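Trainee: Take a look at the following structure, please.
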Amino acid sequence: MRLAALSLATTLVAVLPLSAQDMVGHGGPVSALDVEADVLLSGGFDTRAILWDLGGATARNITRFHDGNVTAVALLSEGQFVTAGQDGRLALWDKDGRAPVFASEVGVSAVATLAVAPDGAFVAAGFWDGRVQVLDRATLQILVEQAHSDRVTGLGFLPSGDLVSVGGDLRLSRWSPKMKLQARIDLPDLPNGLVITKGRVAVIFADGALRLFSDMGALLPERFLTDRPLVALAATDTDVAAAAIDGTVWLLDAADLTQRHMFSAAGGPVWALALDGEQLFTAGNDSVIRRWSLTDAASLGGAEVQVAQDYTDDSRGAEIWQSCAVCHSLTPDDHMRAGPSLHGIFGTPIATRAGYEYSPALRELDIVWTPRTVSELFEFGPEAYTPGSRMPEQRIGDASDRQALVEFLDRAAQ
Ligand code: HEC
């Protein structure tokens, strides 16, 4: 299990000009970002999407609609935006909307990625089961196509209006606006994301390479950035940013992929990137959205990485709990993070904390939490032990670490 230094920023340390603050508001990892002019849109594991005013680094609108992680977000014109989630739904919002102006049905599969047509008329969503949905914003009709035989990992619209997709079946495909296949090529490795930059297709791969393709799929420059998987990507017509699973970020010239800067944005994965003309935004496991200068890759925000543990001691268990504290509080009834408060957890049945909205799957289960069952949860992993849980898959392989964690919880959660 990945128990890297996950942490949560709760305090803005230095007094900074308002225009340069990092954004602190999500209650768990942040999985999606988009930026346009003076607004930033983020989506997270806490099931929230937040529309931020970049001037003041303040939240303008916080939506809570999706059942599960908000996996992809995109800004549209006139303050409208779109969110998509683990629940397989697409939702369209007005700037100050409290409820979506349109939402698709609950899907059988989670949404992995979104793209918006250059004229804003279509929104495309790629799903874990390989399907692509194209929503016509004028008619609200949805076209569905089985685009890949495995997860769709990236989507982008070319200036012509054609759609390009990549998937876990190691293919790149180009589609007409009516989803007729125009071209298809095989890829050398697993693609993890796609953006369009100046009419060309930039794709990041699990082998650590960033490759550019022409709009017909011919391979243009490729750069091997790292031996770790690349997991996040953003581009404008002049810049490309890519991030690896270990939090390293590269800023590259979009024309030939020469490196402008490389830096470490986080101690753990960076799951999402967004670029405007001057700044790069990064987000990942620690719930803070950070901003960086494109000129010198300097940190523009002030969020100090701090562990927001409600209770801690010098034990090994407290150390392990750090990775849980991103999503769980130990204060009674504090359900602002992605998961429920675990105060007083031992001796209580699963999914019974008042004031937290559990997934239907968890409410169906019949488990009483004891040191033994919590230890088993992380021995076998949430996927096996609590199937259908929204808690991301994670395991603690070492039995003495599991023991240290439940002993810590026994002290701290009472
Ligand atoms: C990325 C966020 C995240 C992390 C990290 C995380 N959890 Fe969770 N956890 C959740 C969510 C979300 C739920 C509720 C799942 C649901 O409703 O399906 C949950 C549920 C639980 C439950 C069941 C609670 C109940 O009321 O029945 C326990 C116990 C738990 N987590 C323990 C832990 C421990 C211990 C760790 C660290 C080793 C941890 N979690 C790390 C998100 C997380």
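Just so we're on the same page: first chain in the structure tokens is A, next is B, and so on; residues restart at 1 for each chain, and ligands are numbered from 1 in the order they show up.
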To test your reading of the structure, identify every residue in range 100-340 of chain A that backbone DSSP assigns to strand (DSSP E or B), and report it as a PyMOL selection string.

Mentor: chain A and resi 102-103+111-116+122-127+131-136+142-146+152-157+163-167+171-175+181-186+191-197+200-205+209-213+219-224+230-235+239-244+248-253+259-264+270-275+279-284+288-293+299+303

Trainee: For ligand 1, list the contacting residues at 6 Å or closer, counting only C-alpha atoms and all ligand atoms, as JSON, numbers by chain.

Mentor: {"A": [28, 29, 321, 323, 324, 326, 327, 338, 339, 350, 351, 352, 353, 358, 359, 362, 374, 389, 390, 391, 392]}

Trainee: For range 196-211 of chain A, list every protein, DNA or RNA residue within 7 Å, evaluated using only C-alpha atoms, and leave out those in the same chain fewer than 4 positions away; present the list as a ChimeraX atom specification.

Mentor: /A:156-159,189-192,215,221-230,235-237

Trainee: Write the residues you've just listed into a file as a tab-separated table (two decimals), in the first residue's frame, and include N, CA and C atoms for each of them.

Mentor:
chain	number	residue	atom	x	y	z
A	156	GLY	N	-10.17	14.20	-26.58
A	156	GLY	CA	-9.95	15.60	-26.92
A	156	GLY	C	-10.59	15.89	-28.26
A	157	PHE	N	-11.11	17.11	-28.44
A	157	PHE	CA	-11.67	17.52	-29.72
A	157	PHE	C	-10.61	18.26	-30.53
A	158	LEU	N	-10.46	17.88	-31.79
A	158	LEU	CA	-9.58	18.60	-32.71
A	158	LEU	C	-10.28	19.89	-33.15
A	159	PRO	N	-9.52	20.87	-33.66
A	159	PRO	CA	-10.16	22.11	-34.12
A	159	PRO	C	-11.28	21.85	-35.14
A	189	ASP	N	2.24	1.68	-25.69
A	189	ASP	CA	2.15	1.41	-24.26
A	189	ASP	C	0.78	1.91	-23.77
A	190	LEU	N	0.53	1.75	-22.47
A	190	LEU	CA	-0.77	2.14	-21.92
A	190	LEU	C	-0.89	3.67	-21.80
A	191	PRO	N	-1.87	4.27	-22.52
A	191	PRO	CA	-2.03	5.73	-22.43
A	191	PRO	C	-2.80	6.09	-21.16
A	192	ASN	N	-2.38	7.18	-20.49
A	192	ASN	CA	-3.06	7.60	-19.27
A	192	ASN	C	-3.76	8.94	-19.39
A	215	ASP	N	-2.86	14.91	-36.26
A	215	ASP	CA	-4.30	14.65	-36.17
A	215	ASP	C	-4.70	13.37	-36.91
A	221	PRO	N	7.29	14.22	-32.25
A	221	PRO	CA	8.28	14.01	-31.20
A	221	PRO	C	7.76	13.18	-30.03
A	222	GLU	N	8.64	12.42	-29.42
A	222	GLU	CA	8.31	11.74	-28.16
A	222	GLU	C	9.42	12.04	-27.18
A	223	ARG	N	9.06	12.12	-25.88
A	223	ARG	CA	10.05	12.40	-24.85
A	223	ARG	C	9.86	11.40	-23.73
A	224	PHE	N	10.92	10.71	-23.37
A	224	PHE	CA	10.86	9.84	-22.19
A	224	PHE	C	11.22	10.68	-20.99
A	225	LEU	N	10.24	11.01	-20.18
A	225	LEU	CA	10.47	11.93	-19.07
A	225	LEU	C	10.95	11.21	-17.83
A	226	THR	N	10.49	9.98	-17.61
A	226	THR	CA	10.75	9.30	-16.34
A	226	THR	C	10.50	7.81	-16.51
A	227	ASP	N	10.91	7.02	-15.54
A	227	ASP	CA	10.54	5.60	-15.60
A	227	ASP	C	9.31	5.31	-14.75
A	228	ARG	N	8.70	6.37	-14.18
A	228	ARG	CA	7.45	6.20	-13.43
A	228	ARG	C	6.28	6.51	-14.36
A	229	PRO	N	5.09	5.96	-14.08
A	229	PRO	CA	3.94	6.30	-14.93
A	229	PRO	C	3.61	7.79	-14.88
A	230	LEU	N	3.29	8.35	-16.03
A	230	LEU	CA	2.74	9.71	-16.07
A	230	LEU	C	1.24	9.59	-15.87
A	235	ALA	N	-2.50	21.23	-21.31
A	235	ALA	CA	-1.78	21.96	-22.35
A	235	ALA	C	-2.53	23.21	-22.76
A	236	THR	N	-1.74	24.21	-23.20
A	236	THR	CA	-2.28	25.32	-23.97
A	236	THR	C	-1.62	25.19	-25.34
A	237	ASP	N	-1.75	26.20	-26.20
A	237	ASP	CA	-1.10	26.11	-27.50
A	237	ASP	C	0.42	26.27	-27.40

Trainee: Which of these, A:Gly97, A:Gly267, A:Gly167, A:Pro340, has the shortest distance to His328 in chain A once you count only C-alpha atoms?

Mentor: A:Pro340

Trainee: Hey, which of A:Val249, A:Leu140, A:Leu172, A:Ala125 ends up closest to Gly268 in chain A? Count only C-alpha atoms.

Mentor: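 Distance minimum relative to Gly268 in chain A lands on A:Val249.
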
Trainee: State, in Å with one decimal place, the distance from CA of Ile62 in chain A to CA of Leu342 in chain A.

Mentor: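 So the two atoms, CA of Ile62 in chain A and CA of Leu342 in chain A, lie 24.4 Å apart.
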
Trainee: Would you mind telling me which residue in A:Ser329, A:Ser375, A:Gln86, A:Ser165 lies nearest to Ala124 in chain A when using only C-alpha atoms?

Mentor: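 Ranked by minimum distance to Ala124 in chain A, first place goes to A:Ser165.
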
Trainee: Contacts of range 369-371 of chain A at 7 Å or less, counting only C-alpha atoms, minus same-chain residues fewer than 2 places along, as a compact mmCIF listing (two decimals) with C-alpha atoms, in the first residue's frame?

Mentor:
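See out_34.txt below for the written result:
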# COMPACT_ATOMS: atom_id res chain seq x y z
CA ILE A 345 -15.56 3.46 15.58
CA PHE A 346 -14.86 0.30 17.57
CA GLY A 347 -17.96 -1.63 18.55
CA THR A 348 -20.22 0.05 15.98
CA PRO A 349 -21.78 -1.60 12.91
CA ILE A 350 -20.59 -0.56 9.45
CA ILE A 367 -19.78 -6.01 9.71
CA THR A 373 -12.21 -6.28 11.35
CA VAL A 374 -10.46 -2.92 10.70
CA SER A 375 -7.19 -4.81 10.47
CA VAL A 406 -5.66 -0.38 15.23

Trainee: Give me, please, the distance in Å between CA of Trp93 in chain A and CA of Val39 in chain A, quoted to one decimal.

Mentor: 14.3 Å

Trainee: Return the single residue from A:Lys178, A:His66, A:Arg290, A:Arg151 that is closest to Val24 in chain A, with distances computed using only C-alpha atoms.

Mentor: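 The closest residue to Val24 in chain A is A:Arg290.
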
Trainee: Of the candidates A:Tyr356, A:Asp129, A:Ser287, A:Ala244, which one gets nearest to Ala325 in chain A if we count only C-alpha atoms?

Mentor: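 Among the listed residues, the smallest separation from Ala325 in chain A belongs to A:Ser287.
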
Trainee: Would you mind listing, for every residue of range 136-180 of chain A within 12 Å of range 101-115 of chain A, the two atoms forming the shortest contact and the distance between them in Å to one decimal, using only C-alpha atoms, sorted by chain and ascending residue number, as a tab-separated table?

Mentor:
residue	atom	partner	partner_atom	distance
A:Asp136	CA	A:Phe102	CA	11.6
A:Arg137	CA	A:Phe102	CA	9.5
A:Ala138	CA	A:Phe102	CA	11.5
A:Thr139	CA	A:Phe102	CA	11.1
A:Leu140	CA	A:Phe102	CA	8.0
A:Gln141	CA	A:Ser104	CA	9.8
A:Ile142	CA	A:Ser104	CA	8.7
A:Leu143	CA	A:Ser104	CA	11.8
A:Val144	CA	A:Gly107	CA	11.9
A:Asp150	CA	A:Ala112	CA	11.5
A:Arg151	CA	A:Ala112	CA	7.7
A:Val152	CA	A:Ala112	CA	6.7
A:Thr153	CA	A:Ala112	CA	6.3
A:Gly154	CA	A:Thr113	CA	6.0
A:Leu155	CA	A:Ala115	CA	5.8
A:Gly156	CA	A:Ala115	CA	5.3
A:Phe157	CA	A:Ala115	CA	6.7
A:Leu158	CA	A:Ala115	CA	10.4
A:Gly161	CA	A:Ala115	CA	11.3
A:Asp162	CA	A:Ala115	CA	11.5
A:Leu163	CA	A:Ala115	CA	8.8
A:Val164	CA	A:Ala115	CA	9.7
A:Ser165	CA	A:Ala115	CA	9.9
A:Val166	CA	A:Thr113	CA	10.5
A:Gly167	CA	A:Ala112	CA	10.4
A:Gly168	CA	A:Ala112	CA	11.4

Trainee: Measuring atom to atom with only C-alpha atoms, identify which of A:Ala49, A:Val30, A:Ile320, A:Met179 is nearest to Ala404 in chain A.

Mentor: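 Checking each candidate against Ala404 in chain A, we get A:Ile320 as the closest.
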
Trainee: Measure the distance from CA of Asp186 in chain A to CA of Trp271 in chain A in Å and round it to one decimal.

Mentor: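 For CA of Asp186 in chain A relative to CA of Trp271 in chain A, the distance reads 25.4 Å.
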
Trainee: Using DSSP on the backbone coordinates, identify the residues of range 163-408 of chain A assigned to alpha helix (DSSP H); present them as a PyMOL selection string.

Mentor: chain A and resi 316-325+360-363+371-380+382-385+399-408

Trainee: Find the residues around Leu40 in chain A up to 7 Å (only C-alpha atoms counted), leave out those fewer than 4 positions away in its own chain, and share them as a list in words.

Mentor: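 What passes the distance filter is Asp34, Val35, Glu36, Leu51, Trp52, Asp53 and Leu54 of chain A.
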
Trainee: Can you pull out the residues contacting Leu252 in chain A? Cut-off 6 Å, using only C-alpha atoms, and skip same-chain residues under 5 positions away; I want them as a list in words.

Mentor: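 After dropping sequence-adjacent residues, the list is Asp239, Val240, Leu257, Thr258, Gln259 and Arg260 of chain A.
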
Trainee: Each residue of range 230-269 of chain A with at least one atom at most 12 Å from range 217-220 of chain A should appear once, together with its nearest atom pair and the corresponding distance in Å (one decimal); atoms considered: only C-alpha atoms; ordering: chain, then increasing residue number; output as JSON lines.

Mentor:
{"residue": "A:Ala254", "atom": "CA", "partner": "A:Leu220", "partner_atom": "CA", "distance": 11.7}
{"residue": "A:Ala255", "atom": "CA", "partner": "A:Leu220", "partner_atom": "CA", "distance": 10.2}
{"residue": "A:Asp256", "atom": "CA", "partner": "A:Leu220", "partner_atom": "CA", "distance": 8.8}
{"residue": "A:Leu257", "atom": "CA", "partner": "A:Leu220", "partner_atom": "CA", "distance": 10.1}
